[in-house]
Amino acid sequence: MANASLKRRLALPVTALAVAAGTTIALATSSTAAPGAAPLSSTWYASAPYLMPEDNSPPDIATVMNATGQKAFQLAFILAPNGGGCSPTWGGTNSIGSDTAIPAVISTIRGKGGDVSVSVGGYGGTKLGQTCGSVAATAAAYQQVVDKYGLHAIDFDLEEPEYENTAAIANELGAAQTLQRNNPGLYVSVTMPGTSAGTGWFGTQLLDQAHSIGFAPNNFSIMPFDGGFSGASAQTSALEGFHSLLMSHMGWDSTTAYQHEGVSMMNGRTDSAEFFYQADFQTVLDYATSHGLARYTYWSVNRDRQCNPPNNNGQLSGSCSSVPQNDWDFTKFTAKFAGVATPPPPPPSSSTVTPPPSSSSSSTGGGTCTAAPWSSTTAYTGGAVVSYNRHKWTAKWWTYNDVPGGPAGVWTDNGAC
């Protein structure tokens with residue numbers, strides 16, 4: 001998915017890339033955003049569509065809520081400061097410590113009986129997992145966001161370029177686990193790129209990392225678009241593939257995998273000129289509810305209105321869908337999901353998400369890996385032998401921080417232990 005350009009994160013024309021990279025996004029201050037608001041049912045956080053509350057011509061959120069019945073919205077995105085450092089900002093520019101830009105947004109949503117989640121990461125930009133240097137520091141930065149806005153839900157949207165950085169992903173997942181432990185009841189979702197197979201190599205490595213630390217969020221969600229998808233049938237096929245990956249990489253049975261699987265779509269025209277219409281959203285909704293999926297959402301509310309002309313002259317837009325529609329057609333589907341979905345059980349505990357064996361060995365059905373486990377901080381010479389993901393690997397030449405089985409092709413797979 002490295003060539004997916006803007007994806008659902010910004011959904012702007014290519015000429016807007018420079019602006020998008022410095023997007024300023026803000027939330028309400030704790031004094032005006034009713035941080036003590038009561039939490040909603042988890043199905044509302046699971047349905048919360050993404051919203052840029054300051055950019056891409058944000059809609060009047062009260063109008064959207066009145067027209068659709070949607071109660072929760074996913075506000076995007078928390079990033080590291082553009083100049084570096086480990087303090088949370090909106091879009092890389094606005095420190096949450098001094099955020100006063102749009103307190104009315106959260107107050108309006110909560111005042112109408114709704115709530116917000118905050119999404120950290122997204123496509124592009126520098127993420128806190130890249131700059132904070134450790135799990136503890138990354139978690140402390142995100143805890144500031146939870147405390148500032150009195151959050152009951154948070155989304156870890158793990159995409160490029162961080163998605164391909166093993167150490168950064170370890171920081172993000174470790175931080176998500178820490179927040180989950182330190183904030184009982186916090187709804188945690190993890191979102192990643194989707195492929196026709198469910199997710200790609202980096203996605204399976206992300207699952208393996210979560211499994212290795214015994215972490216299970218409320219859901220792992222894929223984004224089945226911008227990857228050669230054609231209609232809802234391709235999306236549901238990808239979700240079936242991802243379901244199999246959740247079973248094989250997380251060690252879950254089929255029911256548990258469905259109960260902790262989610263989908264995040266893009267309405268109308270995508271960055272790679274795929275088109276998803278209202279009928280496609282309905283098909284995926286039917287699949288999600290019939291299989292008991294944990295999450296059904298999309299990017300973005302800003303785009304949930306018709307362009308003028310409807311096809312936007314064949315262009316992508318961040319503020320309209322480029323397909324014929326009535327205002328808020330797509331948000332009505334997320335509200336439907338929240339209304340009919342059964343709240344899934346809590347994430348499996350660390351005792352049921354069994355980590356791979358400790359650093360001294362790596363077992364599998366065929367025996368035990370006696371070689372030392374691969375380490376991202378160790379330099380290996382040619383001929384070095386390690387264990388990783390329950391396989392034995394031999395280095396072909398000198399290597400540092402190249403994951404066994406990864407695209408660098410440094411390691412020879414000697415087979416399962």
# chains A, B, ... in the order shown; residues from 1 in each chain; ligands from 1
>>> residues_around(residues="A:Ala167", least_positions_apart="4", cutoff="10 Å", atoms="only C-alpha atoms", output="list of chain:residue names")
A:Gly129, A:Gln130, A:Gly133, A:Ser134, A:Val135, A:Glu162, A:Tyr163, A:Asn171, A:Glu172, A:Ser376, A:Thr377, A:Asn401
>>> write_last_selection(atoms="C-alpha atoms", output="mmCIF file, in the first residue's frame")
data_model
loop_
_atom_site.group_PDB
_atom_site.id
_atom_site.type_symbol
_atom_site.label_atom_id
_atom_site.label_comp_id
_atom_site.auth_asym_id
_atom_site.auth_seq_id
_atom_site.Cartn_x
_atom_site.Cartn_y
_atom_site.Cartn_z
ATOM 1 C CA GLY A 129 5.760 6.039 17.576
ATOM 2 C CA GLN A 130 8.594 7.195 15.342
ATOM 3 C CA GLY A 133 11.752 6.378 21.332
ATOM 4 C CA SER A 134 10.062 3.924 23.686
ATOM 5 C CA VAL A 135 6.738 2.340 24.499
ATOM 6 C CA GLU A 162 5.370 4.335 10.086
ATOM 7 C CA TYR A 163 3.689 1.098 9.011
ATOM 8 C CA ASN A 171 6.025 1.575 20.191
ATOM 9 C CA GLU A 172 2.489 2.179 18.905
ATOM 10 C CA SER A 376 16.020 -5.462 15.497
ATOM 11 C CA THR A 377 18.937 -3.937 17.448
ATOM 12 C CA ASN A 401 17.138 -4.371 11.376
#
>>> select_by_dssp(residues="stretch 84-295 of chain A", states="strand (DSSP E or B)", output="PDB file with N, CA, C and O atoms, in the first residue's frame")
ATOM      1  N   THR A  89       0.306  16.547  18.849  1.00  0.00           N
ATOM      2  CA  THR A  89      -0.217  17.731  18.160  1.00  0.00           C
ATOM      3  C   THR A  89      -1.336  17.310  17.218  1.00  0.00           C
ATOM      4  O   THR A  89      -1.462  16.144  16.849  1.00  0.00           O
ATOM      5  N   TRP A  90      -2.106  18.274  16.810  1.00  0.00           N
ATOM      6  CA  TRP A  90      -3.072  18.052  15.742  1.00  0.00           C
ATOM      7  C   TRP A  90      -2.399  18.386  14.417  1.00  0.00           C
ATOM      8  O   TRP A  90      -1.970  19.510  14.185  1.00  0.00           O
ATOM      9  N   ASN A  94      -0.484  21.938  15.827  1.00  0.00           N
ATOM     10  CA  ASN A  94      -1.151  22.510  16.996  1.00  0.00           C
ATOM     11  C   ASN A  94      -0.990  21.610  18.205  1.00  0.00           C
ATOM     12  O   ASN A  94      -1.560  20.516  18.260  1.00  0.00           O
ATOM     13  N   SER A  95      -0.242  22.077  19.188  1.00  0.00           N
ATOM     14  CA  SER A  95      -0.064  21.313  20.416  1.00  0.00           C
ATOM     15  C   SER A  95      -1.401  21.149  21.120  1.00  0.00           C
ATOM     16  O   SER A  95      -2.196  22.098  21.216  1.00  0.00           O
ATOM     17  N   ASP A 115     -20.609  11.423  21.278  1.00  0.00           N
ATOM     18  CA  ASP A 115     -19.252  11.433  21.817  1.00  0.00           C
ATOM     19  C   ASP A 115     -18.267  11.371  20.655  1.00  0.00           C
ATOM     20  O   ASP A 115     -18.649  11.145  19.496  1.00  0.00           O
ATOM     21  N   VAL A 116     -16.986  11.548  20.969  1.00  0.00           N
ATOM     22  CA  VAL A 116     -15.937  11.506  19.962  1.00  0.00           C
ATOM     23  C   VAL A 116     -14.904  10.454  20.325  1.00  0.00           C
ATOM     24  O   VAL A 116     -14.730  10.099  21.491  1.00  0.00           O
ATOM     25  N   SER A 117     -14.251   9.959  19.309  1.00  0.00           N
ATOM     26  CA  SER A 117     -13.010   9.212  19.441  1.00  0.00           C
ATOM     27  C   SER A 117     -11.949  10.041  18.740  1.00  0.00           C
ATOM     28  O   SER A 117     -12.270  10.905  17.915  1.00  0.00           O
ATOM     29  N   VAL A 118     -10.711   9.806  19.057  1.00  0.00           N
ATOM     30  CA  VAL A 118      -9.606  10.498  18.391  1.00  0.00           C
ATOM     31  C   VAL A 118      -8.753   9.469  17.678  1.00  0.00           C
ATOM     32  O   VAL A 118      -8.456   8.401  18.233  1.00  0.00           O
ATOM     33  N   SER A 119      -8.360   9.777  16.453  1.00  0.00           N
ATOM     34  CA  SER A 119      -7.504   8.878  15.685  1.00  0.00           C
ATOM     35  C   SER A 119      -6.088   9.412  15.673  1.00  0.00           C
ATOM     36  O   SER A 119      -5.849  10.591  15.394  1.00  0.00           O
ATOM     37  N   VAL A 120      -5.141   8.535  15.978  1.00  0.00           N
ATOM     38  CA  VAL A 120      -3.734   8.912  15.974  1.00  0.00           C
ATOM     39  C   VAL A 120      -3.070   8.246  14.778  1.00  0.00           C
ATOM     40  O   VAL A 120      -3.327   7.090  14.470  1.00  0.00           O
ATOM     41  N   GLY A 121      -2.249   8.995  14.072  1.00  0.00           N
ATOM     42  CA  GLY A 121      -1.528   8.438  12.939  1.00  0.00           C
ATOM     43  C   GLY A 121      -2.074   8.904  11.618  1.00  0.00           C
ATOM     44  O   GLY A 121      -2.020  10.078  11.281  1.00  0.00           O
ATOM     45  N   GLY A 122      -2.630   7.963  10.826  1.00  0.00           N
ATOM     46  CA  GLY A 122      -3.091   8.281   9.488  1.00  0.00           C
ATOM     47  C   GLY A 122      -1.981   8.152   8.466  1.00  0.00           C
ATOM     48  O   GLY A 122      -0.852   7.759   8.781  1.00  0.00           O
ATOM     49  N   ALA A 153     -12.639   6.502  23.797  1.00  0.00           N
ATOM     50  CA  ALA A 153     -12.253   5.700  22.631  1.00  0.00           C
ATOM     51  C   ALA A 153     -11.080   6.353  21.921  1.00  0.00           C
ATOM     52  O   ALA A 153     -10.951   7.588  21.900  1.00  0.00           O
ATOM     53  N   ILE A 154     -10.221   5.514  21.336  1.00  0.00           N
ATOM     54  CA  ILE A 154      -9.068   5.999  20.582  1.00  0.00           C
ATOM     55  C   ILE A 154      -8.766   5.002  19.469  1.00  0.00           C
ATOM     56  O   ILE A 154      -8.966   3.791  19.623  1.00  0.00           O
ATOM     57  N   ASP A 155      -8.326   5.529  18.334  1.00  0.00           N
ATOM     58  CA  ASP A 155      -8.030   4.705  17.161  1.00  0.00           C
ATOM     59  C   ASP A 155      -6.566   4.856  16.792  1.00  0.00           C
ATOM     60  O   ASP A 155      -6.068   5.984  16.658  1.00  0.00           O
ATOM     61  N   PHE A 156      -5.870   3.741  16.630  1.00  0.00           N
ATOM     62  CA  PHE A 156      -4.488   3.746  16.163  1.00  0.00           C
ATOM     63  C   PHE A 156      -4.499   3.425  14.668  1.00  0.00           C
ATOM     64  O   PHE A 156      -4.654   2.276  14.278  1.00  0.00           O
ATOM     65  N   ASP A 157      -4.393   4.464  13.847  1.00  0.00           N
ATOM     66  CA  ASP A 157      -4.436   4.305  12.394  1.00  0.00           C
ATOM     67  C   ASP A 157      -2.996   4.183  11.907  1.00  0.00           C
ATOM     68  O   ASP A 157      -2.293   5.182  11.738  1.00  0.00           O
ATOM     69  N   LEU A 158      -2.552   2.951  11.710  1.00  0.00           N
ATOM     70  CA  LEU A 158      -1.136   2.668  11.462  1.00  0.00           C
ATOM     71  C   LEU A 158      -0.901   2.467   9.975  1.00  0.00           C
ATOM     72  O   LEU A 158      -1.202   1.427   9.410  1.00  0.00           O
ATOM     73  N   TYR A 187     -12.107   2.169  24.635  1.00  0.00           N
ATOM     74  CA  TYR A 187     -12.306   1.444  23.377  1.00  0.00           C
ATOM     75  C   TYR A 187     -11.110   1.723  22.471  1.00  0.00           C
ATOM     76  O   TYR A 187     -10.823   2.879  22.140  1.00  0.00           O
ATOM     77  N   VAL A 188     -10.409   0.673  22.068  1.00  0.00           N
ATOM     78  CA  VAL A 188      -9.190   0.809  21.273  1.00  0.00           C
ATOM     79  C   VAL A 188      -9.348   0.060  19.957  1.00  0.00           C
ATOM     80  O   VAL A 188      -9.612  -1.148  19.944  1.00  0.00           O
ATOM     81  N   SER A 189      -9.209   0.778  18.858  1.00  0.00           N
ATOM     82  CA  SER A 189      -9.214   0.145  17.541  1.00  0.00           C
ATOM     83  C   SER A 189      -7.853   0.334  16.893  1.00  0.00           C
ATOM     84  O   SER A 189      -7.152   1.321  17.145  1.00  0.00           O
ATOM     85  N   VAL A 190      -7.474  -0.627  16.053  1.00  0.00           N
ATOM     86  CA  VAL A 190      -6.232  -0.557  15.279  1.00  0.00           C
ATOM     87  C   VAL A 190      -6.618  -0.704  13.808  1.00  0.00           C
ATOM     88  O   VAL A 190      -7.231  -1.700  13.418  1.00  0.00           O
ATOM     89  N   THR A 191      -6.260   0.281  13.013  1.00  0.00           N
ATOM     90  CA  THR A 191      -6.640   0.335  11.600  1.00  0.00           C
ATOM     91  C   THR A 191      -5.398   0.238  10.741  1.00  0.00           C
ATOM     92  O   THR A 191      -4.387   0.872  11.040  1.00  0.00           O
ATOM     93  N   MET A 192      -5.480  -0.556   9.657  1.00  0.00           N
ATOM     94  CA  MET A 192      -4.318  -0.757   8.801  1.00  0.00           C
ATOM     95  C   MET A 192      -4.752  -0.890   7.346  1.00  0.00           C
ATOM     96  O   MET A 192      -5.938  -1.134   7.068  1.00  0.00           O
ATOM     97  N   PRO A 193      -3.825  -0.738   6.400  1.00  0.00           N
ATOM     98  CA  PRO A 193      -4.173  -0.908   4.986  1.00  0.00           C
ATOM     99  C   PRO A 193      -4.686  -2.307   4.689  1.00  0.00           C
ATOM    100  O   PRO A 193      -4.327  -3.287   5.358  1.00  0.00           O
ATOM    101  N   THR A 195      -5.527  -5.345   1.611  1.00  0.00           N
ATOM    102  CA  THR A 195      -5.188  -5.871   0.291  1.00  0.00           C
ATOM    103  C   THR A 195      -6.218  -6.946  -0.063  1.00  0.00           C
ATOM    104  O   THR A 195      -7.053  -7.312   0.764  1.00  0.00           O
ATOM    105  N   GLY A 198      -6.411  -9.595   2.391  1.00  0.00           N
ATOM    106  CA  GLY A 198      -6.770  -9.153   3.732  1.00  0.00           C
ATOM    107  C   GLY A 198      -5.909  -7.983   4.138  1.00  0.00           C
ATOM    108  O   GLY A 198      -6.367  -6.861   4.288  1.00  0.00           O
ATOM    109  N   ASN A 219     -10.750  -4.087  18.178  1.00  0.00           N
ATOM    110  CA  ASN A 219     -10.792  -4.630  16.827  1.00  0.00           C
ATOM    111  C   ASN A 219      -9.533  -4.265  16.063  1.00  0.00           C
ATOM    112  O   ASN A 219      -8.879  -3.259  16.344  1.00  0.00           O
ATOM    113  N   PHE A 220      -9.186  -5.133  15.118  1.00  0.00           N
ATOM    114  CA  PHE A 220      -8.244  -4.814  14.051  1.00  0.00           C
ATOM    115  C   PHE A 220      -9.090  -4.570  12.802  1.00  0.00           C
ATOM    116  O   PHE A 220      -9.907  -5.427  12.429  1.00  0.00           O
ATOM    117  N   SER A 221      -8.917  -3.435  12.165  1.00  0.00           N
ATOM    118  CA  SER A 221      -9.710  -3.099  10.987  1.00  0.00           C
ATOM    119  C   SER A 221      -8.818  -2.886   9.779  1.00  0.00           C
ATOM    120  O   SER A 221      -7.719  -2.334   9.897  1.00  0.00           O
ATOM    121  N   ILE A 222      -9.309  -3.319   8.610  1.00  0.00           N
ATOM    122  CA  ILE A 222      -8.591  -3.058   7.365  1.00  0.00           C
ATOM    123  C   ILE A 222      -9.351  -2.037   6.536  1.00  0.00           C
ATOM    124  O   ILE A 222     -10.558  -1.837   6.708  1.00  0.00           O
ATOM    125  N   MET A 223      -8.614  -1.402   5.622  1.00  0.00           N
ATOM    126  CA  MET A 223      -9.174  -0.427   4.688  1.00  0.00           C
ATOM    127  C   MET A 223      -9.144  -1.038   3.286  1.00  0.00           C
ATOM    128  O   MET A 223      -8.128  -0.938   2.586  1.00  0.00           O
ATOM    129  N   GLU A 261     -12.879  -8.087  14.350  1.00  0.00           N
ATOM    130  CA  GLU A 261     -12.494  -7.658  13.004  1.00  0.00           C
ATOM    131  C   GLU A 261     -13.351  -6.468  12.594  1.00  0.00           C
ATOM    132  O   GLU A 261     -14.531  -6.399  12.930  1.00  0.00           O
ATOM    133  N   GLY A 262     -12.756  -5.541  11.859  1.00  0.00           N
ATOM    134  CA  GLY A 262     -13.512  -4.382  11.406  1.00  0.00           C
ATOM    135  C   GLY A 262     -13.155  -3.974  10.001  1.00  0.00           C
ATOM    136  O   GLY A 262     -12.168  -4.442   9.418  1.00  0.00           O
ATOM    137  N   VAL A 263     -13.968  -3.069   9.455  1.00  0.00           N
ATOM    138  CA  VAL A 263     -13.756  -2.554   8.106  1.00  0.00           C
ATOM    139  C   VAL A 263     -13.883  -1.035   8.134  1.00  0.00           C
ATOM    140  O   VAL A 263     -14.744  -0.478   8.813  1.00  0.00           O
ATOM    141  N   SER A 264     -12.995  -0.381   7.406  1.00  0.00           N
ATOM    142  CA  SER A 264     -13.042   1.068   7.244  1.00  0.00           C
ATOM    143  C   SER A 264     -12.953   1.364   5.757  1.00  0.00           C
ATOM    144  O   SER A 264     -11.937   1.087   5.118  1.00  0.00           O
ATOM    145  N   MET A 265     -14.013   1.919   5.206  1.00  0.00           N
ATOM    146  CA  MET A 265     -14.131   2.108   3.765  1.00  0.00           C
ATOM    147  C   MET A 265     -13.885   3.560   3.373  1.00  0.00           C
ATOM    148  O   MET A 265     -13.574   4.407   4.203  1.00  0.00           O
ATOM    149  N   MET A 266     -14.012   3.846   2.085  1.00  0.00           N
ATOM    150  CA  MET A 266     -13.967   5.208   1.563  1.00  0.00           C
ATOM    151  C   MET A 266     -15.159   5.375   0.643  1.00  0.00           C
ATOM    152  O   MET A 266     -15.413   4.523  -0.208  1.00  0.00           O
ATOM    153  N   GLY A 268     -17.597   6.898  -2.303  1.00  0.00           N
ATOM    154  CA  GLY A 268     -17.443   7.523  -3.606  1.00  0.00           C
ATOM    155  C   GLY A 268     -16.140   7.175  -4.283  1.00  0.00           C
ATOM    156  O   GLY A 268     -15.674   6.033  -4.239  1.00  0.00           O
ATOM    157  N   ARG A 269     -15.520   8.165  -4.900  1.00  0.00           N
ATOM    158  CA  ARG A 269     -14.260   7.970  -5.618  1.00  0.00           C
ATOM    159  C   ARG A 269     -13.106   7.886  -4.634  1.00  0.00           C
ATOM    160  O   ARG A 269     -13.007   8.685  -3.701  1.00  0.00           O
ATOM    161  N   PHE A 275     -14.540   3.235  -7.336  1.00  0.00           N
ATOM    162  CA  PHE A 275     -15.800   3.890  -6.983  1.00  0.00           C
ATOM    163  C   PHE A 275     -16.626   2.961  -6.101  1.00  0.00           C
ATOM    164  O   PHE A 275     -16.853   1.804  -6.437  1.00  0.00           O
ATOM    165  N   PHE A 276     -17.067   3.498  -4.967  1.00  0.00           N
ATOM    166  CA  PHE A 276     -17.913   2.758  -4.050  1.00  0.00           C
ATOM    167  C   PHE A 276     -19.184   3.573  -3.801  1.00  0.00           C
ATOM    168  O   PHE A 276     -19.119   4.714  -3.338  1.00  0.00           O
ATOM    169  N   ARG A 295     -16.593  -3.708  13.803  1.00  0.00           N
ATOM    170  CA  ARG A 295     -16.490  -2.284  13.435  1.00  0.00           C
ATOM    171  C   ARG A 295     -16.882  -2.104  11.977  1.00  0.00           C
ATOM    172  O   ARG A 295     -16.577  -2.932  11.120  1.00  0.00           O
TER     173      ARG A 295
END
>>> select_by_dssp(residues="stretch 114-195 of chain A", states="alpha helix (DSSP H)", output="ChimeraX atom specification")
/A:128-131,135-149,166-182
>>> atom_distance(atom1="atom CA of A:Thr289", atom2="atom CA of A:Ala234")
17.3 Å
>>> atom_distance(atom1="atom CA of A:Ala232", atom2="atom CA of A:Ser244")
18.6 Å
>>> residues_around(residues="A:His243", least_positions_apart="5", cutoff="9 Å", atoms="only C-alpha atoms", output="list in words")
Gly198, Ala238, Ser248, Ser254, Ala257, Tyr258 and Glu261 of chain A
>>> residues_around(residues="stretch 402-406 of chain A", least_positions_apart="5", cutoff="8 Å", atoms="only C-alpha atoms", output="PyMOL selection string")
chain A and resi 201+374+376+388+393+411-413
>>> residues_around(residues="A:Asp327", least_positions_apart="3", cutoff="7 Å", atoms="only C-alpha atoms", output="ChimeraX atom specification")
/A:304-306
>>> residues_around(residues="A:Pro49", least_positions_apart="4", cutoff="9 Å", atoms="only C-alpha atoms", output="PyMOL selection string")
chain A and resi 45+70+72-75+264+296-301+331+334
>>> atom_distance(atom1="atom CA of A:Tyr400", atom2="atom CA of A:Ile169")
17.2 Å
>>> closest_residue(among="A:Thr43, A:Ala141, A:Pro161, A:Tyr277", to="A:Gly292", atoms="only C-alpha atoms")
A:Thr43
>>> residues_around(residues="A:Gly114", least_positions_apart="5", cutoff="8 Å", atoms="only C-alpha atoms", output="list in words")
Leu40, Lys71, Ala72 and Ile109 of chain A
>>> write_last_selection(atoms="N, CA, C and O atoms", output="PDB file, in the first residue's frame")
ATOM      1  N   LEU A  40     -20.668   6.013  25.433  1.00  0.00           N
ATOM      2  CA  LEU A  40     -21.737   5.407  24.656  1.00  0.00           C
ATOM      3  C   LEU A  40     -21.552   3.895  24.620  1.00  0.00           C
ATOM      4  O   LEU A  40     -20.524   3.371  25.037  1.00  0.00           O
ATOM      5  N   LYS A  71     -24.150   9.147  16.308  1.00  0.00           N
ATOM      6  CA  LYS A  71     -23.822   9.774  17.585  1.00  0.00           C
ATOM      7  C   LYS A  71     -22.330   9.976  17.815  1.00  0.00           C
ATOM      8  O   LYS A  71     -21.949  10.828  18.623  1.00  0.00           O
ATOM      9  N   ALA A  72     -21.485   9.173  17.170  1.00  0.00           N
ATOM     10  CA  ALA A  72     -20.048   9.243  17.454  1.00  0.00           C
ATOM     11  C   ALA A  72     -19.276   9.565  16.182  1.00  0.00           C
ATOM     12  O   ALA A  72     -19.663   9.147  15.084  1.00  0.00           O
ATOM     13  N   ILE A 109     -21.317  17.848  19.821  1.00  0.00           N
ATOM     14  CA  ILE A 109     -21.560  16.402  19.711  1.00  0.00           C
ATOM     15  C   ILE A 109     -22.009  15.833  21.055  1.00  0.00           C
ATOM     16  O   ILE A 109     -23.001  15.107  21.144  1.00  0.00           O
TER      17      ILE A 109
END
>>> closest_residue(among="A:Lys336, A:Thr166, A:Thr131, A:Gly124", to="A:Ser375", atoms="only C-alpha atoms")
A:Thr166
